[in-house]
Amino acid sequence: MSPRARLFATLSGSAPLVVVQGSRFSGKTVLVRSWLLSGAVSGVSTVPVSAPSGPMTADGYWTDVLSAVCARTGATTPHDELDSFGALSAVLAALRRPVVLVLDAIDRVENIEANVSALLDLCPRLRIVVTTRIFGTWQRVVEAGAGRTIVQAAELACTEEEVAAVLGAAAVPQTPRAIEWITRRTSGLPALVDAVRESLHQHTAGFVDAAVESLDELIDHAIDRAVLRALDDPEVAPLRRAILVSSALAVFPDDSSSSHPSDISLPGVSDLGAFIRTLIAAGFLHPGSGIVEATGPLTWCYPEPVRAALRRIAEHQHRAELHTTESATIDVLLDAEEPHTALAHAIDGRHWQRALAIVDAHWTTLYTGGFLDTLGAALVERIPAEIADAHPTISAIRRLHRQFSAPRDAPVVTAEPDTAVGIGPEPAETVMRAMMLRIEGRFAEAAKVCDAAAGHPLPVFDELDEPIRHAYAFYYLHVGITYLLADRPADATTMFRRAHVAGAGMFVERDAAGKLALTCALEGALVDARSWIDEERRHPPLAAESEKLVRTAGCVAAAFVALDHLESGTALDILAELGTPADNEEFWAYVLYVRGHHALLTGMAADGLRYVESHLPRYPTLREGGVAAPLIDAVLADLQLACGNFDRAEDLIAASTHPFAAPVRARARLLIADPAGSQQIVDRYFTEAAGPVRTSMELAVLGAAAAAALDDLDEARGHLERAVTFSRHTGMLRPFVLLPPAMQRTLAELGVELPLDLSRTAARFPTFPAYRPLLALTARERAVLDALLSGRTVAAIAASQFVSVNTIKTQLRSLYRKFGVHNRKDAVAVARRLHLD
């Protein structure tokens with residue numbers, strides 16, 4: 001099967017117009033020819049029209065098309081006084097058999113788009129397939145009619161499977177690495193893939209291993225030869241030198257008078273606009289940004305493997321002019337405040353000292369623009385080690401990039417404190433040093449680094465130039481992240497608020513809002529959390545990699561708020577969108593924490609336990625300090641309790657003094673039939689500590705359950721009323737259901753007005769189904785139980801004990817509560833199961 005067959009369905013479909021658009025290297029003509037030869041078109045008359053030999057008028061072109069149609073269909077040319085287009089329209093309209101016109105290289109014909117559209121309107125049985133190097137006005141033509149479609153350059157690129165098919169036909173080595181690398185280095189451009197196939201076919205006869213070992217060199221030589229052949233095209237041959245030197249430019253403007261590259265001089269080029277138009281017409285350039293969506297200025301660029309080939313050739317033939325153009329381009333880009341693109345040019349041209357200077361002068365703008373994602377590998381691999389290692393910032397960036405990209409279960413080479421970037425008053429040094437320590441799991445040390453600079457006077461942000469204000473925003477954001485991960489939420493909140501103000505108008509404003517939402521959600525301040533979530537969501541999404549880094553805190557906060565409102569479905573949707581935390585996700589512990597709590601609320605504790613424990617090996621060093629350990633231990637202990645593993649739960653949190661652990665410790669005491677121990681934890685917390693609102697509310701609910709189990713109903717009501725007050729202030733509901741169903745029903749019977757019906761939630765949220773019933777029976781309760789086991793009636797029991805029937809009923813209710821049941825039959829069953837008979 002032809003490797004291009006996946007596109008045949010589009011060409012053979014019912015669309016009245018198919019526009020195949022791409023550069024001269026995209027294989028448009030070969031695609032259409034192979035489609036026609038495949039016999040995929042049946043029941044119609046196909047009329048292929050050869051590409052014009054050069055630029056020509058529309059009238060001359062339609063004359064050629066008319067001749068081809070008449071020759072293929074047997075139709076006669078009208079004798080009326082019609083122009084060539086009118087005559088063609090009349091012939092096609094008169095034909096009873098469907099016709100497919102295949103018009104190759106139609107970009108060489110002046111103003112052809114409107115004529116094609118008119119033909120389709122006049123001839124309902126007509127389909128047209130065109131190939132073109134330029135975009136022209138085809139988008140408008142396609143949008144003007146139903147079913148019309150464009151096959152763009154990205155769709156023409158060969159997939160790995162197609163590259164394998166092309167190479168297989170020439171008996172080229174079929175290793176996955178070779179296929180993947182050839183596809184990547186050629187960008188899948190069919191003309192370049194075919195050039196590589198030809199080259200490898202010549203070198204692999206009897207020397208397969210040698211060809212694989214020298215694959216990079218063979219690919220480069222093959223692409224270079226293909227590009228050199230294209231430069232022999234008469235349309236561009238006079239501009240060969242200028243084209244080679246122009247490989248220093250990453251993009252070309254559509255209008256040279258409106259963009260910075262117009263300031264760059266190229267040898268032999270007096271009119272940059274005309275030069276660009278020639279390259280577009282010759283198919284050397286393809287559209288850059290803003291083509292379809294109209295989201296930015298129209299730009300053009302060489303396909304990347306073509307640009308790389310042009311640059312390699314220019315290095316040999318016009319080295320001095322190439323480097324002069326590169327330097328001038330970097331200057332212009334920096335003047336235009338585009339340091340990211342300038343840095344890419346500097347690295348591409350191996351202007352190493354220039355690259356270092358750009359990083360020094362523009363580190364904040366570069367980092368906030370995501371340059372570690374887009375250029376990090378180049379900084380790590382391309383700048384010579386002897387140059388990079390002598391530069392503190394680049395050395396730190398290398399270390400950051402390597403450690404962020406390394407798998408968590410792989411050893412990572414870390415910097416010793418005395419060899420790392422020193423602590424100084426500059427925000428750049430503080431942020432870089434703190435980030436390095438965070439990556440190593442040394443959160444307390446990272447916080448100390450930030451402490452050294454956090455006391456500096458707070459600037460008046462409105463009085464700062466925008467770049468300086470943004471630098472402060474980035475600085476405060478990372479100081480806040482450091483404090484949060486070091487388990488200093490109050491300090492983190494202060495820094496995030498500063499970052500939000502200073503970062504107005506940039507991504508930090510959104511990032512800080514998401515992290516403020518997270519701190520509020522963990523605190524239990526749901527109203528504030530909801531406000532910050534709304535603020536975070538009003539900002540547009542970022543580029544893919546940056547979005548992954550920025551969205552986590554806001555998603556975790558939104559999931560927590562949904563859980564606290566008992567909206568488990570909403571929380572699940574958010575967590576599904578968030579996905580599994582990446583290896584370089586600094587907020588991984590928060591993600592696992594909220595996933596564990598979702599499993600608790602939905603009665604899937606065993607699944608939640610497996611999920612959290614399966615991901616922990618990815619972060620071995622990052623669980624040892626900071627906030628991660630108490631977060632993870634607390635949720636694991638709660639999941640173990642819900643699974644009935646009481647001893648394992650207590651092992652996790654027995655010695656913890658962290659506020660996250662206090663409710664879990666109190667709950668564990670309740671679930672193992674020790675309400676007095678639970679009450680002690682609750683009382684100690686309220687007399688000795690001032691912790692988060694969330695912890696206070698959970699402990700108030702647990703205190704009510706413990707007091708009720710001890711028959712101190714007044715104390716139980718007091719705790720429960722305190723919990724209701726917390727709920728009214730915060731909107732939290734979930735703490736009421738973090739109890740076994742029987743305990744929830746007991747609280748419902750205390751006579752306190754609650755914000756939810758616990759008798760119903762007990763069935764809907766059986767969060768902790770496994771627990772040991774309280775068996776500390778009074779003498780009267782023991783006597784009543786013995787009477788029940790002997791089968792006596794309530795009246796008989798009352799008579800035998802010389803008390804009223806109502807007294808016996810009261811004692812029965814107490815007995816049922818301790819057994820966690822609701823009737824005599826279940827109480828007898830529990831007593832016999834516990835060998836109390």
# chains A, B, ... in the order shown; residues from 1 in each chain; ligands from 1

$ residues_around --residues "Arg277 (chain A)" --least-positions-apart "5" --cutoff "12 Å" --atoms "only C-alpha atoms" --output "list in words"
Arg133, Ile134, Gly136, Glu235, Val236, Phe252, Pro253, Asp254, Asp255, Ser256, Asp271, Leu272, Ala282, Gly283, Phe284, Leu285, His286, Thr299, Trp300 and Cys301 of chain A

$ write_last_selection --atoms "N, CA, C and O atoms" --output "compact mmCIF listing (two decimals), in the first residue's frame"
# COMPACT_ATOMS: atom_id res chain seq x y z
N ARG A 133 1.51 25.93 -3.65
CA ARG A 133 2.57 26.19 -2.68
C ARG A 133 2.20 27.31 -1.71
O ARG A 133 2.77 27.39 -0.63
N ILE A 134 1.32 28.18 -2.13
CA ILE A 134 1.01 29.34 -1.31
C ILE A 134 -0.42 29.25 -0.80
O ILE A 134 -1.27 28.59 -1.40
N GLY A 136 -2.54 31.85 -0.39
CA GLY A 136 -3.42 32.69 -1.18
C GLY A 136 -4.71 33.03 -0.47
O GLY A 136 -4.74 33.27 0.73
N GLU A 235 13.92 30.01 -10.80
CA GLU A 235 13.24 31.11 -10.12
C GLU A 235 14.08 31.68 -8.99
O GLU A 235 13.98 32.86 -8.67
N VAL A 236 14.90 30.85 -8.36
CA VAL A 236 15.63 31.30 -7.17
C VAL A 236 17.14 31.25 -7.34
O VAL A 236 17.87 31.75 -6.48
N PHE A 252 10.15 35.34 8.61
CA PHE A 252 10.08 36.46 7.68
C PHE A 252 8.69 37.09 7.80
O PHE A 252 7.69 36.37 7.90
N PRO A 253 8.62 38.41 7.77
CA PRO A 253 7.29 39.05 7.82
C PRO A 253 6.61 38.98 6.47
O PRO A 253 7.26 38.86 5.43
N ASP A 254 5.28 39.06 6.50
CA ASP A 254 4.54 39.10 5.25
C ASP A 254 4.71 40.47 4.59
O ASP A 254 4.73 40.57 3.38
N ASP A 255 4.83 41.49 5.42
CA ASP A 255 5.02 42.85 4.91
C ASP A 255 6.31 43.37 5.51
O ASP A 255 6.38 43.67 6.70
N SER A 256 7.35 43.51 4.72
CA SER A 256 8.67 43.85 5.26
C SER A 256 8.72 45.23 5.89
O SER A 256 9.63 45.52 6.66
N ASP A 271 15.34 44.74 -2.01
CA ASP A 271 13.92 44.79 -1.63
C ASP A 271 13.59 43.49 -0.90
O ASP A 271 13.37 42.45 -1.53
N LEU A 272 13.55 43.55 0.44
CA LEU A 272 13.31 42.33 1.22
C LEU A 272 11.92 41.77 0.93
O LEU A 272 11.72 40.55 0.89
N ALA A 282 8.24 30.25 -4.85
CA ALA A 282 9.07 29.09 -5.18
C ALA A 282 8.85 27.94 -4.22
O ALA A 282 9.44 26.87 -4.40
N GLY A 283 8.04 28.13 -3.19
CA GLY A 283 7.71 27.05 -2.26
C GLY A 283 8.77 26.79 -1.21
O GLY A 283 8.77 25.72 -0.60
N PHE A 284 9.66 27.74 -0.98
CA PHE A 284 10.69 27.55 0.05
C PHE A 284 10.16 27.87 1.44
O PHE A 284 10.64 27.32 2.43
N LEU A 285 9.20 28.77 1.54
CA LEU A 285 8.67 29.19 2.83
C LEU A 285 7.28 28.62 3.03
O LEU A 285 6.52 28.43 2.08
N HIS A 286 6.96 28.36 4.28
CA HIS A 286 5.58 27.99 4.60
C HIS A 286 5.05 28.92 5.68
O HIS A 286 5.81 29.60 6.36
N THR A 299 3.28 35.51 9.25
CA THR A 299 4.73 35.35 9.09
C THR A 299 5.00 34.13 8.24
O THR A 299 4.13 33.29 8.02
N TRP A 300 6.25 34.06 7.75
CA TRP A 300 6.69 32.94 6.93
C TRP A 300 8.01 32.42 7.47
O TRP A 300 8.78 33.17 8.09
N CYS A 301 8.28 31.15 7.24
CA CYS A 301 9.56 30.60 7.70
C CYS A 301 9.93 29.40 6.84
O CYS A 301 9.08 28.81 6.16

$ residues_around --residues "region 482-499 of chain A" --least-positions-apart "4" --cutoff "6 Å" --atoms "only C-alpha atoms" --output "list of chain:residue names"
A:Phe443, A:Ala444, A:Ala447, A:Ala473, A:Tyr476, A:Leu477, A:Gly503, A:Ala512, A:Gly626, A:Val627

$ write_last_selection --atoms "all heavy atoms" --output "PDB file, in the first residue's frame"
ATOM      1  N   PHE A 443      13.795  21.506  51.702  1.00  0.00           N
ATOM      2  CA  PHE A 443      12.834  22.600  51.761  1.00  0.00           C
ATOM      3  C   PHE A 443      13.147  23.599  52.869  1.00  0.00           C
ATOM      4  O   PHE A 443      12.965  24.802  52.684  1.00  0.00           O
ATOM      5  CB  PHE A 443      11.421  22.027  51.940  1.00  0.00           C
ATOM      6  CG  PHE A 443      11.021  21.100  50.837  1.00  0.00           C
ATOM      7  CD1 PHE A 443      10.931  19.732  51.048  1.00  0.00           C
ATOM      8  CD2 PHE A 443      10.753  21.576  49.565  1.00  0.00           C
ATOM      9  CE1 PHE A 443      10.575  18.858  50.035  1.00  0.00           C
ATOM     10  CE2 PHE A 443      10.392  20.725  48.537  1.00  0.00           C
ATOM     11  CZ  PHE A 443      10.310  19.355  48.773  1.00  0.00           C
ATOM     12  N   ALA A 444      13.580  23.128  54.022  1.00  0.00           N
ATOM     13  CA  ALA A 444      13.909  24.045  55.114  1.00  0.00           C
ATOM     14  C   ALA A 444      15.066  24.956  54.718  1.00  0.00           C
ATOM     15  O   ALA A 444      15.053  26.164  54.996  1.00  0.00           O
ATOM     16  CB  ALA A 444      14.255  23.256  56.378  1.00  0.00           C
ATOM     17  N   ALA A 447      13.847  27.563  52.314  1.00  0.00           N
ATOM     18  CA  ALA A 447      13.122  28.637  52.999  1.00  0.00           C
ATOM     19  C   ALA A 447      14.090  29.611  53.658  1.00  0.00           C
ATOM     20  O   ALA A 447      13.845  30.830  53.671  1.00  0.00           O
ATOM     21  CB  ALA A 447      12.179  28.045  54.037  1.00  0.00           C
ATOM     22  N   ALA A 473       7.487  40.130  40.705  1.00  0.00           N
ATOM     23  CA  ALA A 473       6.377  39.176  40.756  1.00  0.00           C
ATOM     24  C   ALA A 473       6.886  37.745  40.708  1.00  0.00           C
ATOM     25  O   ALA A 473       6.460  36.883  41.494  1.00  0.00           O
ATOM     26  CB  ALA A 473       5.418  39.436  39.590  1.00  0.00           C
ATOM     27  N   TYR A 476       8.630  36.939  44.094  1.00  0.00           N
ATOM     28  CA  TYR A 476       7.711  36.675  45.196  1.00  0.00           C
ATOM     29  C   TYR A 476       6.962  35.355  44.995  1.00  0.00           C
ATOM     30  O   TYR A 476       6.678  34.633  45.957  1.00  0.00           O
ATOM     31  CB  TYR A 476       6.712  37.818  45.343  1.00  0.00           C
ATOM     32  CG  TYR A 476       7.314  39.081  45.918  1.00  0.00           C
ATOM     33  CD1 TYR A 476       7.121  40.315  45.297  1.00  0.00           C
ATOM     34  CD2 TYR A 476       8.075  39.044  47.079  1.00  0.00           C
ATOM     35  CE1 TYR A 476       7.670  41.469  45.815  1.00  0.00           C
ATOM     36  CE2 TYR A 476       8.630  40.199  47.607  1.00  0.00           C
ATOM     37  CZ  TYR A 476       8.434  41.405  46.968  1.00  0.00           C
ATOM     38  OH  TYR A 476       8.985  42.543  47.488  1.00  0.00           O
ATOM     39  N   LEU A 477       6.621  35.028  43.752  1.00  0.00           N
ATOM     40  CA  LEU A 477       5.939  33.772  43.482  1.00  0.00           C
ATOM     41  C   LEU A 477       6.780  32.589  43.942  1.00  0.00           C
ATOM     42  O   LEU A 477       6.285  31.692  44.638  1.00  0.00           O
ATOM     43  CB  LEU A 477       5.639  33.650  41.984  1.00  0.00           C
ATOM     44  CG  LEU A 477       4.976  32.339  41.555  1.00  0.00           C
ATOM     45  CD1 LEU A 477       3.538  32.268  42.045  1.00  0.00           C
ATOM     46  CD2 LEU A 477       5.025  32.180  40.037  1.00  0.00           C
ATOM     47  N   GLY A 503       2.386  40.943  39.650  1.00  0.00           N
ATOM     48  CA  GLY A 503       2.302  40.225  38.381  1.00  0.00           C
ATOM     49  C   GLY A 503       1.104  40.582  37.533  1.00  0.00           C
ATOM     50  O   GLY A 503       0.794  39.836  36.600  1.00  0.00           O
ATOM     51  N   ALA A 512      -0.284  32.965  40.915  1.00  0.00           N
ATOM     52  CA  ALA A 512      -0.413  33.323  42.333  1.00  0.00           C
ATOM     53  C   ALA A 512      -1.847  33.125  42.818  1.00  0.00           C
ATOM     54  O   ALA A 512      -2.081  32.682  43.950  1.00  0.00           O
ATOM     55  CB  ALA A 512       0.035  34.761  42.548  1.00  0.00           C
ATOM     56  N   GLY A 626       9.495  19.116  54.665  1.00  0.00           N
ATOM     57  CA  GLY A 626       8.467  20.026  54.207  1.00  0.00           C
ATOM     58  C   GLY A 626       7.066  19.535  54.492  1.00  0.00           C
ATOM     59  O   GLY A 626       6.828  18.752  55.416  1.00  0.00           O
ATOM     60  N   VAL A 627       6.121  19.982  53.670  1.00  0.00           N
ATOM     61  CA  VAL A 627       4.712  19.697  53.917  1.00  0.00           C
ATOM     62  C   VAL A 627       4.300  18.328  53.387  1.00  0.00           C
ATOM     63  O   VAL A 627       3.252  17.800  53.768  1.00  0.00           O
ATOM     64  CB  VAL A 627       3.843  20.793  53.266  1.00  0.00           C
ATOM     65  CG1 VAL A 627       3.802  20.634  51.749  1.00  0.00           C
ATOM     66  CG2 VAL A 627       2.441  20.801  53.844  1.00  0.00           C
TER      67      VAL A 627
END

$ atom_distance --atom1 "CA of Arg311 (chain A)" --atom2 "CA of Thr183 (chain A)"
20.0 Å

$ closest_residue --among "A:Val65, A:Ala355, A:Ala629, A:Ala553" --to "Ser84 (chain A)" --atoms "only C-alpha atoms"
A:Val65

$ select_by_dssp --residues "region 6-168 of chain A" --states "strand (DSSP E or B)" --output "compact mmCIF listing (two decimals) with C-alpha atoms, in the first residue's frame"
# COMPACT_ATOMS: atom_id res chain seq x y z
CA LEU A 17 -13.05 21.17 -3.68
CA VAL A 18 -9.86 19.78 -2.10
CA VAL A 19 -6.94 22.20 -1.79
CA VAL A 20 -3.59 20.49 -1.13
CA GLN A 21 -1.30 23.21 0.20
CA SER A 45 -13.85 11.23 -15.72
CA THR A 46 -10.56 12.42 -14.23
CA VAL A 47 -8.79 15.25 -16.04
CA PRO A 48 -5.24 15.85 -14.75
CA VAL A 49 -3.77 19.18 -15.86
CA MET A 56 0.91 32.64 -16.65
CA VAL A 99 -15.78 15.09 -13.74
CA VAL A 100 -12.77 15.54 -11.45
CA LEU A 101 -10.34 18.27 -12.45
CA VAL A 102 -6.84 17.81 -10.99
CA LEU A 103 -5.02 21.13 -11.23
CA VAL A 109 -1.65 31.27 -12.24
CA LEU A 126 -17.76 18.85 -10.91
CA ARG A 127 -15.08 18.15 -8.29
CA ILE A 128 -11.73 19.97 -8.30
CA VAL A 129 -8.45 18.95 -6.65
CA VAL A 130 -5.74 21.61 -6.68
CA THR A 131 -2.19 21.72 -5.39
CA THR A 132 -0.57 24.98 -4.40
CA THR A 149 -11.61 21.27 2.48
CA ILE A 150 -7.90 22.08 2.72
CA VAL A 151 -5.16 19.50 3.21

$ residues_around --residues "Glu466 (chain A)" --least-positions-apart "2" --cutoff "12 Å" --atoms "only C-alpha atoms" --output "CSV table (one decimal) with all heavy atoms, in the first residue's frame"
chain,number,residue,atom,x,y,z
A,364,THR,N,14.5,37.0,33.8
A,364,THR,CA,13.1,36.9,34.3
A,364,THR,C,12.2,36.8,33.1
A,364,THR,O,11.3,35.9,33.1
A,364,THR,CB,12.8,38.2,35.1
A,364,THR,OG1,13.6,38.3,36.2
A,364,THR,CG2,11.3,38.1,35.6
A,365,THR,N,12.3,37.6,32.1
A,365,THR,CA,11.5,37.5,30.9
A,365,THR,C,11.6,36.2,30.2
A,365,THR,O,10.6,35.6,29.8
A,365,THR,CB,11.9,38.6,29.9
A,365,THR,OG1,11.8,39.9,30.5
A,365,THR,CG2,11.0,38.6,28.7
A,461,PHE,N,4.8,49.0,43.7
A,461,PHE,CA,4.8,48.4,42.4
A,461,PHE,C,4.4,49.4,41.3
A,461,PHE,O,4.9,49.3,40.1
A,461,PHE,CB,3.9,47.2,42.4
A,461,PHE,CG,4.4,46.1,43.3
A,461,PHE,CD1,3.5,45.5,44.3
A,461,PHE,CD2,5.7,45.6,43.3
A,461,PHE,CE1,4.0,44.6,45.2
A,461,PHE,CE2,6.1,44.6,44.1
A,461,PHE,CZ,5.3,44.1,45.1
A,462,ASP,N,3.5,50.3,41.6
A,462,ASP,CA,3.0,51.2,40.6
A,462,ASP,C,4.1,52.1,40.1
A,462,ASP,O,3.9,52.7,39.0
A,462,ASP,CB,1.8,52.0,41.1
A,462,ASP,CG,0.6,51.1,41.3
A,462,ASP,OD1,0.5,50.0,40.7
A,462,ASP,OD2,-0.3,51.5,42.1
A,463,GLU,N,5.1,52.3,40.8
A,463,GLU,CA,6.2,53.2,40.5
A,463,GLU,C,7.3,52.5,39.7
A,463,GLU,O,8.3,53.2,39.3
A,463,GLU,CB,6.8,53.9,41.7
A,463,GLU,CG,5.7,54.7,42.5
A,463,GLU,CD,6.3,55.3,43.8
A,463,GLU,OE1,7.5,55.0,44.0
A,463,GLU,OE2,5.6,56.1,44.4
A,464,LEU,N,7.2,51.2,39.5
A,464,LEU,CA,8.3,50.4,38.8
A,464,LEU,C,8.0,50.3,37.4
A,464,LEU,O,6.8,50.2,36.9
A,464,LEU,CB,8.4,49.0,39.5
A,464,LEU,CG,8.7,49.0,40.9
A,464,LEU,CD1,8.7,47.5,41.4
A,464,LEU,CD2,10.1,49.6,41.2
A,468,ILE,N,10.8,45.4,35.6
A,468,ILE,CA,11.2,45.3,37.0
A,468,ILE,C,10.1,44.8,37.9
A,468,ILE,O,10.3,43.9,38.8
A,468,ILE,CB,11.8,46.6,37.5
A,468,ILE,CG1,13.0,47.1,36.7
A,468,ILE,CG2,12.1,46.6,39.0
A,468,ILE,CD1,13.5,48.4,37.1
A,469,ARG,N,8.9,45.3,37.6
A,469,ARG,CA,7.7,44.8,38.4
A,469,ARG,C,7.5,43.3,38.2
A,469,ARG,O,7.2,42.6,39.1
A,469,ARG,CB,6.5,45.6,38.0
A,469,ARG,CG,5.2,45.2,38.7
A,469,ARG,CD,4.1,46.2,38.5
A,469,ARG,NE,3.8,46.4,37.1
A,469,ARG,CZ,3.0,45.6,36.4
A,469,ARG,NH1,2.4,44.5,37.0
A,469,ARG,NH2,2.7,45.8,35.2
A,470,HIS,N,7.6,42.9,36.9
A,470,HIS,CA,7.4,41.5,36.6
A,470,HIS,C,8.5,40.6,37.3
A,470,HIS,O,8.3,39.5,37.7
A,470,HIS,CB,7.4,41.3,35.1
A,470,HIS,CG,6.1,41.8,34.5
A,470,HIS,ND1,5.9,41.7,33.1
A,470,HIS,CD2,5.0,42.3,35.0
A,470,HIS,CE1,4.7,42.2,32.9
A,470,HIS,NE2,4.2,42.6,34.0
A,471,ALA,N,9.7,41.2,37.3
A,471,ALA,CA,10.8,40.5,38.0
A,471,ALA,C,10.5,40.2,39.5
A,471,ALA,O,10.7,39.2,40.0
A,471,ALA,CB,12.1,41.2,37.9
A,472,TYR,N,10.0,41.3,40.1
A,472,TYR,CA,9.5,41.1,41.5
A,472,TYR,C,8.4,40.1,41.6
A,472,TYR,O,8.4,39.3,42.6
A,472,TYR,CB,9.1,42.5,42.1
A,472,TYR,CG,10.2,43.3,42.7
A,472,TYR,CD1,10.7,44.4,42.1
A,472,TYR,CD2,10.7,42.9,43.9
A,472,TYR,CE1,11.7,45.2,42.7
A,472,TYR,CE2,11.7,43.7,44.5
A,472,TYR,CZ,12.2,44.8,43.9
A,472,TYR,OH,13.2,45.5,44.5
A,473,ALA,N,7.5,40.1,40.7
A,473,ALA,CA,6.4,39.2,40.8
A,473,ALA,C,6.9,37.7,40.7
A,473,ALA,O,6.5,36.9,41.5
A,473,ALA,CB,5.4,39.4,39.6
A,502,ALA,N,2.1,42.3,42.0
A,502,ALA,CA,3.2,42.7,41.1
A,502,ALA,C,3.0,42.1,39.7
A,502,ALA,O,3.5,42.7,38.7
A,502,ALA,CB,4.5,42.3,41.8
A,503,GLY,N,2.4,40.9,39.7
A,503,GLY,CA,2.3,40.2,38.4
A,503,GLY,C,1.1,40.6,37.5
A,503,GLY,O,0.8,39.8,36.6
A,504,ALA,N,0.4,41.7,37.8
A,504,ALA,CA,-0.8,42.1,37.1
A,504,ALA,C,-0.4,42.1,35.6
A,504,ALA,O,0.6,42.8,35.2
A,504,ALA,CB,-1.3,43.4,37.5
A,505,GLY,N,-1.2,41.4,34.8
A,505,GLY,CA,-1.0,41.5,33.3
A,505,GLY,C,0.0,40.4,32.8
A,505,GLY,O,0.2,40.4,31.6
A,506,MET,N,0.5,39.5,33.6
A,506,MET,CA,1.3,38.4,33.2
A,506,MET,C,0.9,37.1,33.8
A,506,MET,O,0.0,37.1,34.6
A,506,MET,CB,2.8,38.7,33.5
A,506,MET,CG,3.1,38.8,35.0
A,506,MET,SD,4.8,39.1,35.4
A,506,MET,CE,5.7,37.7,34.7

$ residues_around --residues "region 515-517 of chain A" --least-positions-apart "5" --cutoff "10 Å" --atoms "only C-alpha atoms" --output "VMD selection string"
chain A and resid 477 480 to 481 484 489 492 to 497 500 510 522 to 523 525 to 536 550 to 558 560 to 561

$ closest_residue --among "A:His345, A:His340, A:His658, A:Arg72" --to "Leu322 (chain A)" --atoms "only C-alpha atoms"
A:His345

$ select_by_dssp --residues "region 425-580 of chain A" --states "helix (DSSP H, G or I)" --output "PyMOL selection string"
chain A and resi 427-439+443-454+461-463+466-485+489-502+507-523+526-537+544-564+568-578

$ closest_residue --among "A:Thr325, A:Ser199, A:Ser26, A:Ser38" --to "Ile223 (chain A)" --atoms "only C-alpha atoms"
A:Ser199

$ atom_distance --atom1 "CA of Leu244 (chain A)" --atom2 "CA of Ile313 (chain A)"
7.0 Å

$ closest_residue --among "A:Asp451, A:Glu81, A:Glu698, A:Asp220" --to "Leu739 (chain A)" --atoms "only C-alpha atoms"
A:Glu698

$ atom_distance --atom1 "CA of Thr76 (chain A)" --atom2 "CA of Ala93 (chain A)"
12.7 Å

$ closest_residue --among "A:Ala571, A:Val591, A:Ala673, A:His201" --to "Ala169 (chain A)" --atoms "only C-alpha atoms"
A:His201

$ residues_around --residues "Val682 (chain A)" --least-positions-apart "5" --cutoff "9 Å" --atoms "only C-alpha atoms" --output "PyMOL selection string"
chain A and resi 662-663+666+677+687+696+699-700+702-703

$ residues_around --residues "Arg177 (chain A)" --least-positions-apart "5" --cutoff "12 Å" --atoms "only C-alpha atoms" --output "NGL selection string"
:A and (160 or 164 or 182-185 or 212-213 or 215-216)

$ write_last_selection --atoms "N, CA and C atoms" --output "CSV table (one decimal), in the first residue's frame"
chain,number,residue,atom,x,y,z
A,160,GLU,N,5.6,8.0,11.2
A,160,GLU,CA,6.7,7.1,11.3
A,160,GLU,C,6.4,5.8,10.5
A,164,ALA,N,8.7,4.2,7.6
A,164,ALA,CA,9.1,2.8,7.6
A,164,ALA,C,8.7,2.2,6.2
A,182,ILE,N,14.8,9.6,11.7
A,182,ILE,CA,14.6,10.1,10.3
A,182,ILE,C,13.4,10.9,10.3
A,183,THR,N,12.3,10.5,10.9
A,183,THR,CA,11.0,11.2,10.8
A,183,THR,C,11.2,12.6,11.5
A,184,ARG,N,11.9,12.6,12.7
A,184,ARG,CA,12.1,13.8,13.4
A,184,ARG,C,13.0,14.8,12.6
A,185,ARG,N,14.1,14.3,12.1
A,185,ARG,CA,15.1,15.1,11.4
A,185,ARG,C,14.6,15.7,10.1
A,212,VAL,N,23.7,2.6,10.0
A,212,VAL,CA,23.0,3.0,11.2
A,212,VAL,C,23.9,3.8,12.1
A,213,GLU,N,25.1,3.5,12.2
A,213,GLU,CA,26.1,4.2,13.0
A,213,GLU,C,26.3,5.6,12.5
A,215,LEU,N,24.0,7.5,10.9
A,215,LEU,CA,22.7,7.9,10.5
A,215,LEU,C,22.6,9.5,10.4
A,216,ASP,N,23.1,10.1,11.5
A,216,ASP,CA,23.0,11.6,11.5
A,216,ASP,C,23.6,12.2,10.3

$ closest_residue --among "A:Ala71, A:Ala314, A:Val306, A:Leu785" --to "Arg240 (chain A)" --atoms "only C-alpha atoms"
A:Ala314

$ residues_around --residues "Pro675 (chain A)" --least-positions-apart "6" --cutoff "12 Å" --atoms "only C-alpha atoms" --output "list in words"
Arg665, Ala666, Arg667, Ala668, Arg669, Ile681, Val682, Leu702, Gly703, Ala704, Ala705, Ala706, Ala707, Ala708, Ala709, Leu710, Asp711, Asp712, Ala716, Met743, Arg772, Pro773, Leu774, Leu775, Ala776 and Lys818 of chain A
